[in-house]
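Right, one structure below, let's go through it.
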Amino acid sequence: MLTKEIAEKYFGDWKTAIGKTIKLRAGGYIFEHGTDVLKVSGILATIPANTDFQIKLVVSFGTGFTGNYLQKSTDWAETVPDFGCYILLPPHTDADNFNQQLRTYSQRVESPADKDSHIIQPISAVHYDAEAGNYSNKTISHQLLNVLWLIAAFILLIACVNFINLSTAQAVNRAKEVGVRKVLGSNKSQLRIQFIVEAFLIVTSAVILAAVITLLALPSVSRLLELSLSFNILSDPSIILFLFTATIVVTALAGFYPSIVLSRFNPVNALKSKLTSNANGISLRRGLVVFQFIIAQALIIGTLIIVKQMDFFMNQPLGFDKDAIVNVPYRVDSLRIHRMAYLKNQLMTINGVQAVSFSSNTPVENGNDMWSALKFNHAVKEAGFKAITKFADNEYVPAYKLQLIAGRNLQPADMTKEFLVNESFVKSLGLKKPEDILNKEVSIWGDQIKCNVVGVLKDFNDRSFRNDLAPMIISTDNAMYNQVAIKLATTNMPATIESVKKIFDQTLPDFVFEYKFLDEKIAGFYKQENQLSALYKIFAAIAIFLSCLGLYGLASFMAVQRIKEVGIRKVLGATTGNIVYLFSKEFIILVAIAFAIATPIAWYYMHQWLQAYAYRINISWWLLAAGGLVAIIIALATISFQAIKAAIANPVKSLRSE
């Protein structure tokens with residue numbers, strides 16, 4: 001069965017595909033009957049974008065393409081690990097009970113040496129299991145989702161802090177209103193309800209505005225995350241419930257405390273304008289400013305570290321050439337094996353093609369490598385490690401500019417005749433010098449392949465930077481080649497690729513030409529990190545913006561409250577610089593306190609995040625200091641306008657009587 005899109009790709013109109021044949025090939029030692037001409041028996045509807053089962057075609061198990069694995073053996077280790085087993089349990093089956101039966105059964109039928117255990121996993125959990133992986137090899141952890149929830153909650157808290165700060169700071173301005181209402185008979189409960197209703201109306205307006213902004217921003221976020229995101233309030237009751245709950249919770253957080261403060265005013269003092277901001281209120285506002293900037297600075301520091309780690313990934317030497325190399329998928333069959341040499345010669349005649357190499361894998365893969373148990377130098381027992389096995393022709397080393405540190409390169413051959421290994425392979429065997437392994441025999445795949453080692457390659461990064469270097473074997477075998485690597489000149493590449501396509505079309509008329517640049521493939525290994533980096537930048541910007549709004553509001557209020565003090569200071573000889581320093585000092589101290597608290601928190605969590613990568617940066621002190629410096633500069637820029645405005649005001653106007 002083919003999906004509608006694949007049927008259209010290969011047959012034009014998907015409606016005419018049923019009954020036609022398509023040739024599939026999976027070659028080599030693993031699949032014993034590798035080529036099949038299969039009949040199209042059905043067309044699948046478009047696969048939803050939000051499923052891990054991104055199926056393109058479905059082949060019945062047991063055909064040559066899937067291998068001859070319908071044997072009656074009860075040793076589960078003999079089956080191909082790439083195949084999953086999906087079980088539909090009867091309704092109301094207890095998973096724990098089933099797992100117990102499964103353990104009992106596997107212990108009974110497996111060999112005593114096999115220590116593997118088997119448990120079932122619900123499909124709903126597969127998407128979040130990075131260790132086991134899934135069909136599409138795309139997972140996202142619950143931990144990451146929880147971090148995103150946490151950041152969103154903190155940003156909402158910053159907004160609530162702003163509301164509390166500004167409401168309580170401007171309480172004095174509403175004192176007369178409260179006094180009049182109390183004189184006319186309002187009690188505390190009525191006043192509290194009034195202020196909470198005001199907060200509710202503000203929050204409701206904000207939620208409606210947020211929904212509109214979400215609708216406008218969703219296409220950009222969808223492109224950033226490469227997800228099919230939708231926001232339809234009417235069709236999803238859970239969104240309505242979430243927005244309603246958020247409205248109530250935010251109203252309670254932001255409106256409750258200001259309503260208590262405002263309803264407490266003594267009506268006599270309020271009407272005589274004898275109220276001033278109390279010390280407790282000022283202390284609370286200072287504490288809330290510190291809280292705001294702890295969150296903002298932690299996000300800034302975290303974002304700086306993530307960006308630095310991403311730069312490290314992109315700029316770290318891999319140990320091979322990845323620039324201007326195009327990889328073209330190439331499944332071999334009997335026809336293509338005979339045409340490989342001709343195809344290579346034709347490609348090399350193109351002006352702009354510098355090298356051509358057939359191989360099973362590029363030098364670096366992300367979870368698609370083949371691992372092999374091995375024996376060294378006629379040993380009876382297997383070595384205590386496994387090695388990544390790649391198959392490649394003799395042009396592989398020069399095409400990718402891999403460095404030989406001992407011995408020689410592979411000689412041209414159609415079958416497996418000799419091995420190249422890397423430094424990690426030599427070290428894993430406990431040998432002191434690379435030369436010590438030359439001409440020694442290595443046996444892989446249960447002694448099916450035995451060859452002498454003829455060369456040692458300098459270590460290169462064979463997987464993403466999440467993993468350490470692994471032992472590796474490279475050998476020739478044209479039945480295992482899955483792709484063609486074409487090294488291009490950096491000038492006029494589009495024309496060169498078009499010429500390459502023409503050669504493929506002429507040499508293999510039934511071949512569908514597709515290609516991908518190696519550096520794009522490597523960048524794809526870190527797609528999720530890059531997406532998260534972009535998200536964190538946005539979150540940090542929002543957090544800083546909201547914190548600055550709060551600072552600006554408080555600075556404005558302070559300027560109004562201290563207008564006469566500023567006038568007196570200027571009359572007594574204070575300069576503009578003295579006044580600006582007076583206004584800025586308190587806020588800078590608060591930001592510095594926030595920095596002192598945020599730094600160890602940010603360091604701890606970012607240190608934990610970096611542990612997921614074998615190759616990682618060290619968190620330098622200047623990264624932490626840069627985060628604090630950015631916050632202080634932003635805070636100064638925010639309050640400087642009000643500070644300068646107050647400093648240059650005419651003291652005569654501020655001191656004269658009403």
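By order in the structure tokens, chains are A, B, ...; within a chain, residues start at 1; ligands start at 1, following the order shown.
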
Inset, instruction - Apply DSSP to the backbone of this structure and, from stretch 84-128 of chain A, keep only the residues in alpha helix (DSSP H); write these as a PyMOL selection string. - result: chain A and resi 95-109+123-126

Once you have the residues from the selection above, write them out as a short mmCIF file (atom, residue, chain, number, x, y, z; two decimals), in the first residue's frame, restricted to all heavy atoms.
data_model
loop_
_atom_site.label_atom_id
_atom_site.label_comp_id
_atom_site.auth_asym_id
_atom_site.auth_seq_id
_atom_site.Cartn_x
_atom_site.Cartn_y
_atom_site.Cartn_z
N ALA A 95 -2.48 -3.82 32.69
CA ALA A 95 -1.15 -3.80 32.08
C ALA A 95 -0.11 -4.48 32.97
O ALA A 95 0.76 -5.21 32.48
CB ALA A 95 -0.73 -2.37 31.79
N ASP A 96 -0.18 -4.24 34.29
CA ASP A 96 0.79 -4.86 35.20
C ASP A 96 0.68 -6.37 35.18
O ASP A 96 1.69 -7.09 35.19
CB ASP A 96 0.57 -4.33 36.63
CG ASP A 96 0.95 -2.86 36.76
OD1 ASP A 96 1.78 -2.40 35.95
OD2 ASP A 96 0.41 -2.19 37.66
N ASN A 97 -0.54 -6.88 35.13
CA ASN A 97 -0.76 -8.32 35.09
C ASN A 97 -0.21 -8.91 33.79
O ASN A 97 0.44 -9.96 33.78
CB ASN A 97 -2.26 -8.62 35.21
CG ASN A 97 -2.54 -10.11 35.21
OD1 ASN A 97 -1.83 -10.89 35.86
ND2 ASN A 97 -3.55 -10.52 34.48
N PHE A 98 -0.44 -8.19 32.68
CA PHE A 98 0.07 -8.65 31.38
C PHE A 98 1.60 -8.66 31.38
O PHE A 98 2.21 -9.60 30.87
CB PHE A 98 -0.46 -7.77 30.25
CG PHE A 98 -0.06 -8.24 28.89
CD1 PHE A 98 -0.83 -9.16 28.19
CD2 PHE A 98 1.12 -7.79 28.30
CE1 PHE A 98 -0.45 -9.60 26.93
CE2 PHE A 98 1.52 -8.23 27.05
CZ PHE A 98 0.72 -9.14 26.37
N ASN A 99 2.21 -7.60 31.93
CA ASN A 99 3.68 -7.54 31.99
C ASN A 99 4.25 -8.69 32.79
O ASN A 99 5.32 -9.23 32.46
CB ASN A 99 4.13 -6.21 32.58
CG ASN A 99 4.13 -5.08 31.56
OD1 ASN A 99 4.36 -5.32 30.38
ND2 ASN A 99 3.87 -3.87 32.00
N GLN A 100 3.57 -9.07 33.86
CA GLN A 100 4.04 -10.20 34.67
C GLN A 100 4.01 -11.50 33.86
O GLN A 100 4.95 -12.29 33.89
CB GLN A 100 3.16 -10.34 35.93
CG GLN A 100 3.57 -11.47 36.86
CD GLN A 100 5.01 -11.33 37.35
OE1 GLN A 100 5.43 -10.25 37.74
NE2 GLN A 100 5.77 -12.42 37.29
N GLN A 101 2.92 -11.70 33.11
CA GLN A 101 2.83 -12.89 32.25
C GLN A 101 3.91 -12.86 31.17
O GLN A 101 4.49 -13.90 30.83
CB GLN A 101 1.45 -12.95 31.59
CG GLN A 101 0.29 -13.16 32.56
CD GLN A 101 -1.03 -13.24 31.82
OE1 GLN A 101 -1.22 -14.11 30.98
NE2 GLN A 101 -1.93 -12.31 32.12
N LEU A 102 4.17 -11.66 30.62
CA LEU A 102 5.17 -11.52 29.56
C LEU A 102 6.56 -11.86 30.09
O LEU A 102 7.35 -12.54 29.41
CB LEU A 102 5.13 -10.09 29.02
CG LEU A 102 6.00 -9.76 27.81
CD1 LEU A 102 5.63 -10.63 26.61
CD2 LEU A 102 5.86 -8.28 27.44
N ARG A 103 6.88 -11.39 31.30
CA ARG A 103 8.18 -11.70 31.90
C ARG A 103 8.33 -13.21 32.12
O ARG A 103 9.38 -13.79 31.83
CB ARG A 103 8.34 -10.95 33.23
CG ARG A 103 8.86 -9.52 33.07
CD ARG A 103 9.28 -8.95 34.41
NE ARG A 103 8.14 -8.76 35.30
CZ ARG A 103 7.41 -7.65 35.35
NH1 ARG A 103 7.71 -6.62 34.57
NH2 ARG A 103 6.39 -7.55 36.16
N THR A 104 7.28 -13.82 32.62
CA THR A 104 7.31 -15.27 32.88
C THR A 104 7.53 -16.04 31.58
O THR A 104 8.34 -16.97 31.51
CB THR A 104 6.00 -15.71 33.55
OG1 THR A 104 5.81 -14.96 34.75
CG2 THR A 104 6.04 -17.20 33.88
N TYR A 105 6.82 -15.62 30.53
CA TYR A 105 6.93 -16.30 29.24
C TYR A 105 8.33 -16.13 28.64
O TYR A 105 8.94 -17.09 28.17
CB TYR A 105 5.88 -15.74 28.28
CG TYR A 105 6.00 -16.28 26.88
CD1 TYR A 105 5.57 -17.57 26.56
CD2 TYR A 105 6.58 -15.51 25.86
CE1 TYR A 105 5.70 -18.07 25.27
CE2 TYR A 105 6.71 -16.00 24.58
CZ TYR A 105 6.28 -17.28 24.28
OH TYR A 105 6.41 -17.78 23.02
N SER A 106 8.85 -14.90 28.66
CA SER A 106 10.15 -14.64 28.05
C SER A 106 11.27 -15.40 28.77
O SER A 106 12.20 -15.88 28.15
CB SER A 106 10.45 -13.14 28.02
OG SER A 106 10.50 -12.62 29.32
N GLN A 107 11.15 -15.53 30.10
CA GLN A 107 12.15 -16.29 30.86
C GLN A 107 12.11 -17.77 30.50
O GLN A 107 13.12 -18.46 30.51
CB GLN A 107 11.91 -16.10 32.36
CG GLN A 107 12.28 -14.70 32.86
CD GLN A 107 11.79 -14.44 34.27
OE1 GLN A 107 11.23 -15.33 34.92
NE2 GLN A 107 11.96 -13.21 34.73
N ARG A 108 10.90 -18.25 30.14
CA ARG A 108 10.75 -19.66 29.83
C ARG A 108 11.30 -20.00 28.44
O ARG A 108 11.91 -21.05 28.25
CB ARG A 108 9.27 -20.06 29.91
CG ARG A 108 9.04 -21.56 29.80
CD ARG A 108 7.61 -21.96 30.07
NE ARG A 108 6.71 -21.57 28.99
CZ ARG A 108 5.78 -20.63 29.09
NH1 ARG A 108 5.62 -19.98 30.23
NH2 ARG A 108 4.99 -20.34 28.08
N VAL A 109 11.11 -19.12 27.46
CA VAL A 109 11.46 -19.45 26.08
C VAL A 109 12.84 -18.93 25.66
O VAL A 109 13.39 -19.40 24.67
CB VAL A 109 10.41 -18.91 25.08
CG1 VAL A 109 9.04 -19.50 25.39
CG2 VAL A 109 10.36 -17.39 25.09
N ILE A 123 0.79 3.19 23.54
CA ILE A 123 1.13 4.06 22.39
C ILE A 123 1.17 5.52 22.82
O ILE A 123 1.95 6.31 22.30
CB ILE A 123 0.12 3.84 21.26
CG1 ILE A 123 0.36 2.47 20.64
CG2 ILE A 123 0.20 4.94 20.22
CD1 ILE A 123 0.42 2.40 19.16
N SER A 124 0.33 5.88 23.79
CA SER A 124 0.28 7.28 24.23
C SER A 124 1.58 7.73 24.87
O SER A 124 1.85 8.92 24.98
CB SER A 124 -0.88 7.48 25.22
OG SER A 124 -0.72 6.61 26.33
N ALA A 125 2.42 6.77 25.31
CA ALA A 125 3.69 7.11 25.97
C ALA A 125 4.87 7.12 25.01
O ALA A 125 5.93 7.64 25.34
CB ALA A 125 3.96 6.13 27.11
N VAL A 126 4.69 6.56 23.81
CA VAL A 126 5.80 6.39 22.88
C VAL A 126 6.38 7.74 22.44
O VAL A 126 7.59 7.90 22.31
CB VAL A 126 5.34 5.59 21.65
CG1 VAL A 126 6.41 5.56 20.57
CG2 VAL A 126 5.00 4.16 22.07
#

Residue contacts of A:Ile632 (8 Å, only C-alpha atoms) excluding same-chain residues fewer than 2 positions away, as a compact mmCIF listing (two decimals) with N, CA, C and O atoms, in the first residue's frame:
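Here's the written file part_8.txt:
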# COMPACT_ATOMS: atom_id res chain seq x y z
N ILE A 588 18.85 49.78 40.81
CA ILE A 588 20.04 49.02 40.45
C ILE A 588 20.39 48.03 41.57
O ILE A 588 20.78 46.89 41.31
N VAL A 591 18.02 45.12 41.20
CA VAL A 591 18.41 44.26 40.07
C VAL A 591 19.65 43.44 40.44
O VAL A 591 19.76 42.27 40.08
N ALA A 592 20.58 44.05 41.18
CA ALA A 592 21.79 43.34 41.60
C ALA A 592 21.45 42.19 42.56
O ALA A 592 22.03 41.10 42.47
N GLY A 628 23.70 39.41 33.86
CA GLY A 628 23.43 40.46 34.84
C GLY A 628 23.64 41.84 34.28
O GLY A 628 22.86 42.77 34.54
N LEU A 629 24.70 42.00 33.46
CA LEU A 629 24.99 43.31 32.88
C LEU A 629 23.88 43.74 31.93
O LEU A 629 23.47 44.91 31.93
N VAL A 630 23.39 42.79 31.12
CA VAL A 630 22.28 43.10 30.21
C VAL A 630 21.06 43.59 30.99
O VAL A 630 20.42 44.58 30.62
N ILE A 634 19.40 47.33 30.77
CA ILE A 634 17.99 47.48 30.39
C ILE A 634 17.23 48.24 31.47
O ILE A 634 16.39 49.11 31.18
N ALA A 635 17.51 47.91 32.74
CA ALA A 635 16.84 48.60 33.85
C ALA A 635 17.18 50.09 33.85
O ALA A 635 16.30 50.95 34.04
N LEU A 636 18.47 50.40 33.66
CA LEU A 636 18.90 51.82 33.62
C LEU A 636 18.23 52.57 32.47
O LEU A 636 17.76 53.70 32.64

Inset, instruction - Tell me, in Å to one decimal, how far atom CA of A:Ser222 is from atom CA of A:Asp236. - result: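 Taking atom CA of A:Ser222 and atom CA of A:Asp236, their separation equals 18.6 Å.
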
Inset, instruction - For atom CA of A:Arg408 and atom CA of A:Val456, determine how far apart the two atoms are, in Å to one decimal place. - result: 7.8 Å

Inset, instruction - For stretch 287-298 of chain A, list every protein, DNA or RNA residue within 8 Å, evaluated using only C-alpha atoms, and leave out those in the same chain fewer than 2 positions away; present the list as a PyMOL selection string. - result: chain A and resi 154+158+161+165+283-285+300-302+540+543-544+547+550-551+590-591+593-595+597-599+601-602+627-628+631

Inset, instruction - Pick out the closest residue to A:Ala211 from this set: A:Trp609, A:Phe391, A:Phe256, A:Phe231. Count only C-alpha atoms. - result: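 Looking only at the distances to A:Ala211, the closest residue turns out to be A:Phe231.
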
Legend entry - Nearby residues (only C-alpha atoms) at most 10 Å from A:Arg264, same-chain spacing under 2 positions excluded, as a ChimeraX atom specification: /A:175,178-179,187-188,191-192,259-262,266-267

Legend entry - Coordinates-based distance that separates atom CA of A:Thr362 from atom CA of A:Arg336 (Å, one decimal): 19.8 Å

Inset, instruction - Identify which of the residues A:Leu88, A:Ile305, A:Ala479, A:Val59 lies closest to A:Ala625, counting only C-alpha atoms when measuring atom-to-atom distances. - result: A:Ile305

Inset, instruction - Using only C-alpha atoms, find the one residue out of A:Glu8, A:Asp94, A:Asp369, A:Asp52 that sits nearest to A:Pro471. - result: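 With only C-alpha atoms as the atom set, the closest residue is A:Asp369.
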
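With only C-alpha atoms as the atoms that count, the residue of A:Ala246, A:Gly446, A:Ser475, A:Thr389 with the shortest distance to A:Phe419 is A:Ser475.
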
Residue contacts of stretch 324-333 of chain A (8 Å, only C-alpha atoms) excluding same-chain residues fewer than 6 positions away, as a PDB file with N, CA, C and O atoms, in the first residue's frame:
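See result.pdb below for the written result:
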ATOM      1  N   ARG A  25      14.062  -2.411  -2.751  1.00  0.00           N
ATOM      2  CA  ARG A  25      15.342  -3.092  -2.542  1.00  0.00           C
ATOM      3  C   ARG A  25      15.900  -2.761  -1.175  1.00  0.00           C
ATOM      4  O   ARG A  25      15.971  -1.607  -0.785  1.00  0.00           O
ATOM      5  N   ALA A  26      16.260  -3.789  -0.401  1.00  0.00           N
ATOM      6  CA  ALA A  26      17.030  -3.606   0.830  1.00  0.00           C
ATOM      7  C   ALA A  26      18.118  -4.655   0.799  1.00  0.00           C
ATOM      8  O   ALA A  26      17.869  -5.831   1.050  1.00  0.00           O
ATOM      9  N   GLY A  27      19.323  -4.261   0.440  1.00  0.00           N
ATOM     10  CA  GLY A  27      20.350  -5.240   0.127  1.00  0.00           C
ATOM     11  C   GLY A  27      21.256  -5.582   1.272  1.00  0.00           C
ATOM     12  O   GLY A  27      21.230  -4.965   2.319  1.00  0.00           O
ATOM     13  N   THR A  35      15.472  -7.958  -3.050  1.00  0.00           N
ATOM     14  CA  THR A  35      14.718  -7.235  -4.064  1.00  0.00           C
ATOM     15  C   THR A  35      13.346  -7.857  -4.232  1.00  0.00           C
ATOM     16  O   THR A  35      13.206  -9.066  -4.281  1.00  0.00           O
ATOM     17  N   ASN A 478      29.688  -3.562  -2.330  1.00  0.00           N
ATOM     18  CA  ASN A 478      28.754  -2.774  -3.127  1.00  0.00           C
ATOM     19  C   ASN A 478      27.295  -3.180  -2.933  1.00  0.00           C
ATOM     20  O   ASN A 478      26.389  -2.435  -3.291  1.00  0.00           O
ATOM     21  N   ALA A 479      27.047  -4.350  -2.358  1.00  0.00           N
ATOM     22  CA  ALA A 479      25.663  -4.746  -2.084  1.00  0.00           C
ATOM     23  C   ALA A 479      25.065  -3.975  -0.911  1.00  0.00           C
ATOM     24  O   ALA A 479      23.850  -3.980  -0.716  1.00  0.00           O
ATOM     25  N   MET A 480      25.914  -3.303  -0.129  1.00  0.00           N
ATOM     26  CA  MET A 480      25.440  -2.583   1.058  1.00  0.00           C
ATOM     27  C   MET A 480      25.313  -1.078   0.831  1.00  0.00           C
ATOM     28  O   MET A 480      24.879  -0.355   1.723  1.00  0.00           O
ATOM     29  N   TYR A 481      25.686  -0.604  -0.342  1.00  0.00           N
ATOM     30  CA  TYR A 481      25.694   0.842  -0.554  1.00  0.00           C
ATOM     31  C   TYR A 481      24.270   1.381  -0.691  1.00  0.00           C
ATOM     32  O   TYR A 481      23.463   0.844  -1.454  1.00  0.00           O
ATOM     33  N   ASN A 482      23.998   2.462   0.052  1.00  0.00           N
ATOM     34  CA  ASN A 482      22.668   3.071   0.063  1.00  0.00           C
ATOM     35  C   ASN A 482      22.654   4.483  -0.517  1.00  0.00           C
ATOM     36  O   ASN A 482      21.581   5.072  -0.648  1.00  0.00           O
ATOM     37  N   GLN A 483      23.824   5.032  -0.807  1.00  0.00           N
ATOM     38  CA  GLN A 483      23.849   6.423  -1.246  1.00  0.00           C
ATOM     39  C   GLN A 483      25.117   6.727  -2.030  1.00  0.00           C
ATOM     40  O   GLN A 483      26.100   5.981  -1.973  1.00  0.00           O
ATOM     41  N   VAL A 484      25.043   7.844  -2.770  1.00  0.00           N
ATOM     42  CA  VAL A 484      26.197   8.357  -3.491  1.00  0.00           C
ATOM     43  C   VAL A 484      26.548   9.707  -2.893  1.00  0.00           C
ATOM     44  O   VAL A 484      25.677  10.576  -2.759  1.00  0.00           O
ATOM     45  N   ALA A 485      27.806   9.893  -2.514  1.00  0.00           N
ATOM     46  CA  ALA A 485      28.283  11.195  -2.040  1.00  0.00           C
ATOM     47  C   ALA A 485      29.008  11.878  -3.194  1.00  0.00           C
ATOM     48  O   ALA A 485      29.901  11.283  -3.807  1.00  0.00           O
ATOM     49  N   ILE A 486      28.596  13.101  -3.502  1.00  0.00           N
ATOM     50  CA  ILE A 486      29.191  13.849  -4.611  1.00  0.00           C
ATOM     51  C   ILE A 486      29.758  15.148  -4.067  1.00  0.00           C
ATOM     52  O   ILE A 486      29.020  15.992  -3.552  1.00  0.00           O
ATOM     53  N   LYS A 487      31.080  15.283  -4.138  1.00  0.00           N
ATOM     54  CA  LYS A 487      31.762  16.503  -3.690  1.00  0.00           C
ATOM     55  C   LYS A 487      31.761  17.506  -4.839  1.00  0.00           C
ATOM     56  O   LYS A 487      32.263  17.221  -5.929  1.00  0.00           O
ATOM     57  N   LEU A 488      31.173  18.705  -4.567  1.00  0.00           N
ATOM     58  CA  LEU A 488      31.017  19.718  -5.604  1.00  0.00           C
ATOM     59  C   LEU A 488      31.985  20.878  -5.396  1.00  0.00           C
ATOM     60  O   LEU A 488      32.377  21.173  -4.266  1.00  0.00           O
ATOM     61  N   ALA A 489      32.321  21.532  -6.475  1.00  0.00           N
ATOM     62  CA  ALA A 489      33.011  22.814  -6.371  1.00  0.00           C
ATOM     63  C   ALA A 489      32.014  23.846  -5.858  1.00  0.00           C
ATOM     64  O   ALA A 489      30.802  23.728  -6.074  1.00  0.00           O
ATOM     65  N   THR A 490      32.490  24.843  -5.164  1.00  0.00           N
ATOM     66  CA  THR A 490      31.582  25.802  -4.514  1.00  0.00           C
ATOM     67  C   THR A 490      31.028  26.844  -5.480  1.00  0.00           C
ATOM     68  O   THR A 490      30.185  27.649  -5.099  1.00  0.00           O
ATOM     69  N   PHE A 513      15.407  10.902  -8.711  1.00  0.00           N
ATOM     70  CA  PHE A 513      16.569  11.649  -8.217  1.00  0.00           C
ATOM     71  C   PHE A 513      16.169  12.550  -7.052  1.00  0.00           C
ATOM     72  O   PHE A 513      15.302  13.420  -7.179  1.00  0.00           O
ATOM     73  N   GLU A 514      16.796  12.333  -5.902  1.00  0.00           N
ATOM     74  CA  GLU A 514      16.625  13.184  -4.724  1.00  0.00           C
ATOM     75  C   GLU A 514      18.013  13.422  -4.137  1.00  0.00           C
ATOM     76  O   GLU A 514      18.891  12.567  -4.260  1.00  0.00           O
ATOM     77  N   TYR A 515      18.187  14.543  -3.452  1.00  0.00           N
ATOM     78  CA  TYR A 515      19.499  14.807  -2.863  1.00  0.00           C
ATOM     79  C   TYR A 515      19.342  15.678  -1.618  1.00  0.00           C
ATOM     80  O   TYR A 515      18.317  16.336  -1.415  1.00  0.00           O
ATOM     81  N   LYS A 516      20.391  15.644  -0.785  1.00  0.00           N
ATOM     82  CA  LYS A 516      20.427  16.493   0.398  1.00  0.00           C
ATOM     83  C   LYS A 516      21.878  16.853   0.686  1.00  0.00           C
ATOM     84  O   LYS A 516      22.762  15.988   0.638  1.00  0.00           O
ATOM     85  N   PHE A 517      22.117  18.129   0.986  1.00  0.00           N
ATOM     86  CA  PHE A 517      23.474  18.545   1.359  1.00  0.00           C
ATOM     87  C   PHE A 517      23.812  18.006   2.748  1.00  0.00           C
ATOM     88  O   PHE A 517      22.971  18.021   3.657  1.00  0.00           O
ATOM     89  N   LEU A 518      25.026  17.539   2.906  1.00  0.00           N
ATOM     90  CA  LEU A 518      25.449  16.927   4.171  1.00  0.00           C
ATOM     91  C   LEU A 518      25.388  17.926   5.326  1.00  0.00           C
ATOM     92  O   LEU A 518      24.978  17.573   6.432  1.00  0.00           O
ATOM     93  N   ASP A 519      25.814  19.180   5.075  1.00  0.00           N
ATOM     94  CA  ASP A 519      25.795  20.146   6.177  1.00  0.00           C
ATOM     95  C   ASP A 519      24.371  20.441   6.635  1.00  0.00           C
ATOM     96  O   ASP A 519      24.126  20.692   7.818  1.00  0.00           O
TER      97      ASP A 519
END

Inset, instruction - Tell me which of A:Tyr615, A:Phe545, A:Phe385, A:Trp621 sits closest to A:Val426, counting only C-alpha atoms. - result: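 Looking at the shortest contact to A:Val426, the residue is A:Phe385.
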
Legend entry - Sel. of strand (DSSP E or B) residues, stretch 188-330 of chain A, as a ChimeraX atom specification: /A:325-329

Legend entry - Close residues, stretch 313-320 of chain A itself excluded, 10 Å, only C-alpha atoms, min 5 positions apart in chain, as number ranges by chain: A: 307-308, 363-364, 397-403, 458-466, 519, 522-523, 525-526, 615-617
